[in-house]
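Here's the structure we're looking at; comments come further down.
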Amino acid sequence: MLKRISAGLAAGAALSSLAVLPVQAEINTRSTVRWNSGGAVYTTKLKDFQKFLKSGGEITSSTNRALAAGVNNSGWTAEEIAKGLSKQYKVNVVYVARFLYSKKGYKFLENQTKSYFPYWGMKKTAVQALRSAIVLDSVDGKLSSAGIMKMLPVDMRLADTCGTFDGAQNVCAKGKCQGDQQCTSLLSWYVFLPACVQANQIKDKVAARPVRGLW
(Lines give C-alpha, C1' and ligand atoms only; values in the text may rest on other atoms or scores of the structure.)
Protein backbone atom coordinates (compact mmCIF):
# COMPACT_ATOMS: atom_id res chain seq x y z
CA MET A 1 0.00 0.00 0.00
CA LEU A 2 2.80 2.43 0.90
CA LYS A 3 4.46 1.75 -2.44
CA ARG A 4 1.24 2.57 -4.27
CA ILE A 5 0.86 5.82 -2.35
CA SER A 6 4.50 6.69 -3.07
CA ALA A 7 3.97 6.05 -6.77
CA GLY A 8 0.90 8.26 -6.79
CA LEU A 9 2.69 11.09 -5.03
CA ALA A 10 5.58 10.90 -7.48
CA ALA A 11 3.20 11.05 -10.41
CA GLY A 12 1.38 13.99 -8.84
CA ALA A 13 4.63 15.87 -8.34
CA ALA A 14 5.58 15.23 -11.93
CA LEU A 15 2.27 16.22 -13.49
CA SER A 16 1.76 19.29 -11.30
CA SER A 17 4.73 20.82 -13.10
CA LEU A 18 2.56 21.07 -16.22
CA ALA A 19 0.82 24.06 -14.71
CA VAL A 20 3.92 26.20 -15.24
CA LEU A 21 4.71 25.02 -18.77
CA PRO A 22 5.40 28.10 -20.95
CA VAL A 23 3.35 28.66 -24.07
CA GLN A 24 4.96 27.52 -27.32
CA ALA A 25 5.82 31.06 -28.40
CA GLU A 26 7.87 31.54 -25.24
CA ILE A 27 9.55 28.16 -25.56
CA ASN A 28 10.84 28.85 -29.05
CA THR A 29 12.60 32.01 -27.86
CA ARG A 30 14.15 30.27 -24.85
CA SER A 31 17.94 30.51 -24.70
CA THR A 32 18.82 26.83 -24.49
CA VAL A 33 22.47 27.74 -24.07
CA ARG A 34 24.13 31.04 -23.33
CA TRP A 35 27.77 30.13 -23.83
CA ASN A 36 29.40 32.17 -21.08
CA SER A 37 33.20 32.38 -21.46
CA GLY A 38 34.96 35.12 -19.52
CA GLY A 39 33.29 38.41 -20.47
CA ALA A 40 31.74 37.05 -23.67
CA VAL A 41 28.26 35.57 -23.97
CA TYR A 42 27.01 33.85 -27.14
CA THR A 43 23.43 32.66 -27.35
CA THR A 44 21.88 29.59 -28.97
CA LYS A 45 18.09 29.53 -28.79
CA LEU A 46 15.85 26.48 -28.97
CA LYS A 47 14.83 27.37 -32.53
CA ASP A 48 18.51 27.16 -33.55
CA PHE A 49 18.73 23.62 -32.20
CA GLN A 50 15.45 22.69 -33.86
CA LYS A 51 16.68 23.96 -37.23
CA PHE A 52 19.93 22.01 -36.80
CA LEU A 53 18.06 18.80 -35.91
CA LYS A 54 15.54 19.18 -38.72
CA SER A 55 18.40 19.39 -41.23
CA GLY A 56 19.92 16.18 -39.85
CA GLY A 57 22.96 17.98 -38.53
CA GLU A 58 23.76 20.25 -41.43
CA ILE A 59 26.24 23.01 -40.60
CA THR A 60 26.00 25.96 -42.99
CA SER A 61 26.79 29.66 -42.99
CA SER A 62 23.34 30.28 -41.53
CA THR A 63 23.85 27.91 -38.59
CA ASN A 64 24.09 29.68 -35.25
CA ARG A 65 27.82 30.33 -34.79
CA ALA A 66 27.87 29.34 -31.13
CA LEU A 67 26.01 26.11 -31.89
CA ALA A 68 28.42 25.31 -34.72
CA ALA A 69 31.35 25.84 -32.35
CA GLY A 70 29.66 23.64 -29.75
CA VAL A 71 29.24 20.86 -32.28
CA ASN A 72 32.84 21.18 -33.47
CA ASN A 73 34.06 20.91 -29.87
CA SER A 74 31.80 18.00 -28.93
CA GLY A 75 34.04 15.17 -30.04
CA TRP A 76 31.33 13.91 -32.42
CA THR A 77 30.35 14.70 -35.99
CA ALA A 78 27.43 17.04 -36.58
CA GLU A 79 25.36 14.11 -37.88
CA GLU A 80 26.11 12.04 -34.77
CA ILE A 81 25.13 14.90 -32.48
CA ALA A 82 21.87 15.48 -34.37
CA LYS A 83 21.02 11.78 -34.23
CA GLY A 84 21.91 11.54 -30.54
CA LEU A 85 19.88 14.60 -29.55
CA SER A 86 16.84 13.30 -31.45
CA LYS A 87 16.92 9.71 -30.16
CA GLN A 88 13.95 8.81 -27.97
CA TYR A 89 14.01 6.49 -24.96
CA LYS A 90 10.99 4.72 -23.48
CA VAL A 91 10.36 5.79 -19.90
CA ASN A 92 7.61 5.87 -17.28
CA VAL A 93 7.03 9.33 -15.81
CA VAL A 94 6.31 7.89 -12.35
CA TYR A 95 9.55 5.89 -12.34
CA VAL A 96 11.50 8.90 -13.65
CA ALA A 97 10.01 11.22 -11.02
CA ARG A 98 10.62 8.68 -8.29
CA PHE A 99 14.30 8.62 -9.20
CA LEU A 100 14.76 12.37 -9.65
CA TYR A 101 13.01 13.20 -6.37
CA SER A 102 15.06 10.65 -4.42
CA LYS A 103 18.33 11.41 -2.60
CA LYS A 104 20.19 9.50 -5.29
CA GLY A 105 18.39 11.49 -7.98
CA TYR A 106 19.16 14.81 -6.31
CA LYS A 107 22.86 13.95 -6.22
CA PHE A 108 22.65 12.88 -9.86
CA LEU A 109 21.13 16.21 -10.86
CA GLU A 110 23.72 18.15 -8.85
CA ASN A 111 26.45 16.25 -10.62
CA GLN A 112 24.83 16.77 -14.01
CA THR A 113 24.64 20.56 -13.60
CA LYS A 114 28.34 21.10 -12.94
CA SER A 115 28.72 24.00 -15.39
CA TYR A 116 25.28 24.12 -17.03
CA PHE A 117 22.52 25.82 -15.07
CA PRO A 118 19.94 28.64 -15.14
CA TYR A 119 21.39 31.91 -16.39
CA TRP A 120 20.11 33.94 -13.44
CA GLY A 121 19.50 31.44 -10.63
CA MET A 122 22.71 29.56 -11.44
CA LYS A 123 23.46 26.64 -9.08
CA LYS A 124 20.71 27.66 -6.65
CA THR A 125 17.99 26.53 -9.07
CA ALA A 126 19.97 24.11 -11.26
CA VAL A 127 18.54 20.88 -9.86
CA GLN A 128 14.95 22.12 -10.02
CA ALA A 129 15.28 23.41 -13.60
CA LEU A 130 16.79 20.25 -15.05
CA ARG A 131 14.47 17.97 -13.07
CA SER A 132 11.43 19.90 -14.29
CA ALA A 133 12.49 19.59 -17.93
CA ILE A 134 13.19 15.86 -17.67
CA VAL A 135 9.93 15.06 -15.90
CA LEU A 136 7.83 17.12 -18.30
CA ASP A 137 9.38 15.45 -21.32
CA SER A 138 8.73 12.04 -19.74
CA VAL A 139 4.96 12.54 -19.45
CA ASP A 140 4.26 10.96 -22.86
CA GLY A 141 6.48 7.96 -22.10
CA LYS A 142 9.32 9.13 -24.31
CA LEU A 143 12.46 11.01 -23.34
CA SER A 144 15.02 12.69 -25.59
CA SER A 145 17.67 15.38 -25.37
CA ALA A 146 15.71 17.53 -27.81
CA GLY A 147 12.61 17.11 -25.66
CA ILE A 148 14.44 18.07 -22.49
CA MET A 149 15.77 21.20 -24.21
CA LYS A 150 12.25 22.12 -25.26
CA MET A 151 10.93 21.79 -21.70
CA LEU A 152 13.62 23.86 -19.98
CA PRO A 153 11.73 26.40 -17.84
CA VAL A 154 14.38 29.13 -17.97
CA ASP A 155 17.34 30.38 -19.99
CA MET A 156 20.39 28.21 -19.35
CA ARG A 157 24.09 29.01 -19.43
CA LEU A 158 27.26 26.99 -19.86
CA ALA A 159 29.70 28.80 -17.59
CA ASP A 160 33.45 29.01 -18.01
CA THR A 161 34.31 32.05 -15.94
CA CYS A 162 36.85 33.44 -13.49
CA GLY A 163 38.10 30.05 -12.34
CA THR A 164 34.77 29.34 -10.59
CA PHE A 165 33.33 27.18 -13.37
CA ASP A 166 35.37 25.45 -16.06
CA GLY A 167 32.69 24.91 -18.73
CA ALA A 168 33.01 21.13 -18.44
CA GLN A 169 30.07 18.81 -17.86
CA ASN A 170 30.08 15.41 -16.17
CA VAL A 171 28.99 13.06 -18.95
CA CYS A 172 27.03 10.38 -17.12
CA ALA A 173 27.91 7.39 -19.33
CA LYS A 174 31.39 6.66 -18.04
CA GLY A 175 33.32 4.28 -20.24
CA LYS A 176 31.22 5.10 -23.32
CA CYS A 177 32.82 8.43 -24.17
CA GLN A 178 36.32 8.76 -25.57
CA GLY A 179 38.62 11.73 -25.15
CA ASP A 180 38.21 14.99 -23.29
CA GLN A 181 35.68 16.51 -25.70
CA GLN A 182 33.27 13.58 -25.68
CA CYS A 183 33.55 13.22 -21.90
CA THR A 184 33.13 16.88 -20.92
CA SER A 185 31.40 18.86 -23.70
CA LEU A 186 27.83 20.09 -23.27
CA LEU A 187 26.44 18.52 -26.44
CA SER A 188 28.01 15.14 -25.68
CA TRP A 189 26.52 15.39 -22.18
CA TYR A 190 23.11 16.05 -23.69
CA VAL A 191 23.42 13.02 -25.98
CA PHE A 192 23.95 10.65 -23.04
CA LEU A 193 21.58 12.23 -20.50
CA PRO A 194 18.26 10.54 -21.50
CA ALA A 195 19.83 7.07 -21.54
CA CYS A 196 21.19 7.61 -18.02
CA VAL A 197 17.79 8.73 -16.76
CA GLN A 198 16.14 5.72 -18.39
CA ALA A 199 18.66 3.37 -16.76
CA ASN A 200 18.10 4.90 -13.31
CA GLN A 201 14.30 4.85 -13.24
CA ILE A 202 13.08 3.46 -9.91
CA LYS A 203 10.50 0.74 -10.47
CA ASP A 204 8.67 -1.61 -8.13
CA LYS A 205 6.52 -4.62 -8.78
CA VAL A 206 3.46 -3.20 -7.01
CA ALA A 207 3.45 0.05 -9.02
CA ALA A 208 3.90 -1.86 -12.26
CA ARG A 209 0.76 -3.99 -11.73
CA PRO A 210 -2.58 -2.77 -13.11
CA VAL A 211 -4.94 -1.32 -10.53
CA ARG A 212 -7.62 -3.87 -9.59
CA GLY A 213 -11.27 -2.97 -9.10
CA LEU A 214 -13.02 -3.15 -5.72
CA TRP A 215 -15.47 -5.85 -6.82
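Order determines the names: the first chain of the C-alpha coordinates is A, the second B, and so forth; residues in each chain are numbered 1 upward, and ligands are numbered 1 upward as they are shown.
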
Quiz item: Leaving out stretch 43-60 of chain A and any residue of its chain fewer than 2 positions from it, which residues lie within 8 Å of it when counting only C-alpha atoms, given as a PyMOL selection string?
Solution: chain A and resi 27-35+41+62-64+66-68+78-83+85-86+146+149-150

Practice problem: Give me the residues within 8 Å of stretch 172-178 of chain A as a PyMOL selection string, counting only C-alpha atoms and dropping any in the same chain fewer than 4 places off. | Solution: chain A and resi 112+182-183+189+192-193+196

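Counting from atom CA of A:Ala129, the distance to atom CA of A:Ala168 is 18.5 Å.
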
Quiz item: Can you tell me, as a PyMOL selection string, what residues are no more than 12 Å from A:Gly121 when counting only C-alpha atoms, ignoring any on the same chain fewer than 3 positions away?
Solution: chain A and resi 116-118+124-129+153-157

If we count only C-alpha atoms, what is near A:Ser115 at a cut-off of 9 Å, once residues fewer than 5 positions away on the same chain are taken out, given as a PDB file with N, CA and C atoms, in the first residue's frame?
```pdb
ATOM      1  N   LYS A 123      23.493  27.918  -9.784  1.00  0.00           N
ATOM      2  CA  LYS A 123      23.463  26.639  -9.080  1.00  0.00           C
ATOM      3  C   LYS A 123      22.306  26.537  -8.086  1.00  0.00           C
ATOM      4  N   ARG A 157      22.756  28.603 -19.019  1.00  0.00           N
ATOM      5  CA  ARG A 157      24.092  29.010 -19.426  1.00  0.00           C
ATOM      6  C   ARG A 157      25.080  27.862 -19.233  1.00  0.00           C
ATOM      7  N   LEU A 158      26.108  27.860 -20.072  1.00  0.00           N
ATOM      8  CA  LEU A 158      27.260  26.990 -19.858  1.00  0.00           C
ATOM      9  C   LEU A 158      28.378  27.921 -19.425  1.00  0.00           C
ATOM     10  N   ALA A 159      28.781  27.816 -18.165  1.00  0.00           N
ATOM     11  CA  ALA A 159      29.695  28.799 -17.586  1.00  0.00           C
ATOM     12  C   ALA A 159      31.149  28.334 -17.576  1.00  0.00           C
ATOM     13  N   ASP A 160      32.001  29.205 -18.066  1.00  0.00           N
ATOM     14  CA  ASP A 160      33.451  29.014 -18.011  1.00  0.00           C
ATOM     15  C   ASP A 160      34.034  30.370 -17.646  1.00  0.00           C
ATOM     16  N   PHE A 165      33.870  28.266 -12.560  1.00  0.00           N
ATOM     17  CA  PHE A 165      33.332  27.177 -13.369  1.00  0.00           C
ATOM     18  C   PHE A 165      34.246  26.983 -14.569  1.00  0.00           C
ATOM     19  N   ASP A 166      34.410  25.735 -14.984  1.00  0.00           N
ATOM     20  CA  ASP A 166      35.366  25.454 -16.062  1.00  0.00           C
ATOM     21  C   ASP A 166      34.720  25.101 -17.397  1.00  0.00           C
ATOM     22  N   GLY A 167      33.375  25.187 -17.477  1.00  0.00           N
ATOM     23  CA  GLY A 167      32.695  24.908 -18.731  1.00  0.00           C
ATOM     24  C   GLY A 167      32.595  23.433 -19.080  1.00  0.00           C
ATOM     25  N   ALA A 168      33.048  22.572 -18.184  1.00  0.00           N
ATOM     26  CA  ALA A 168      33.008  21.128 -18.443  1.00  0.00           C
ATOM     27  C   ALA A 168      31.802  20.502 -17.754  1.00  0.00           C
ATOM     28  N   GLN A 169      31.195  19.543 -18.416  1.00  0.00           N
ATOM     29  CA  GLN A 169      30.074  18.813 -17.860  1.00  0.00           C
ATOM     30  C   GLN A 169      30.500  17.388 -17.514  1.00  0.00           C
ATOM     31  N   ASN A 170      29.809  16.793 -16.549  1.00  0.00           N
ATOM     32  CA  ASN A 170      30.080  15.407 -16.170  1.00  0.00           C
ATOM     33  C   ASN A 170      29.209  14.479 -17.010  1.00  0.00           C
ATOM     34  N   LEU A 186      29.261  19.971 -23.548  1.00  0.00           N
ATOM     35  CA  LEU A 186      27.828  20.090 -23.273  1.00  0.00           C
ATOM     36  C   LEU A 186      26.993  19.223 -24.206  1.00  0.00           C
TER      37      LEU A 186
END
```

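Comparing A:Tyr42, A:Tyr89, A:Trp76, A:Phe108 by their smallest distance to A:Gln198, the closest is A:Tyr89 (using only C-alpha atoms).
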
Quiz item: Restricting the calculation to only C-alpha atoms, which member of A:Ser138, A:Asn73, A:Asn200, A:Ser132 is positioned closest to A:Gln88?
Solution: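 Result for the nearest residue to A:Gln88: A:Ser138.
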
Exercise. Determine which residues of stretch 45-175 of chain A DSSP labels as helix (DSSP H, G or I) from the backbone of this structure, then write them out as number ranges by chain.
Key: A: 46-54, 65-72, 78-86, 93-100, 103-112, 122-138, 145-151

Practice problem: Could you check how far atom CA of A:Lys87 sits from atom CA of A:Leu143, in Å to one decimal? | Solution: 8.2 Å

Quiz item: What is the atom CA of A:Asp137-atom CA of A:Thr77 distance in Å, reported with one decimal?
Solution: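 It comes out at 25.6 Å.
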
Quiz item: Looking at A:Ser37, A:Gly147, A:Gln201, A:Leu130, which one is nearest to A:Asn111, with distances taken over only C-alpha atoms?
Solution: A:Leu130

Quiz item: Neighbours of A:Gly84 within 9 Å (only C-alpha atoms; same-chain residues fewer than 5 positions away dropped), as an MDAnalysis selection string?
Solution: chainID A and resid 79 144:145 188 190:192

Quiz item: A:Asp140: which residues within 10 Å, counting only C-alpha atoms, same-chain residues fewer than 3 positions away excluded, as a list in words?
Solution: Lys90, Val91, Asn92, Val93, Val135, Leu136, Asp137 and Leu143 of chain A
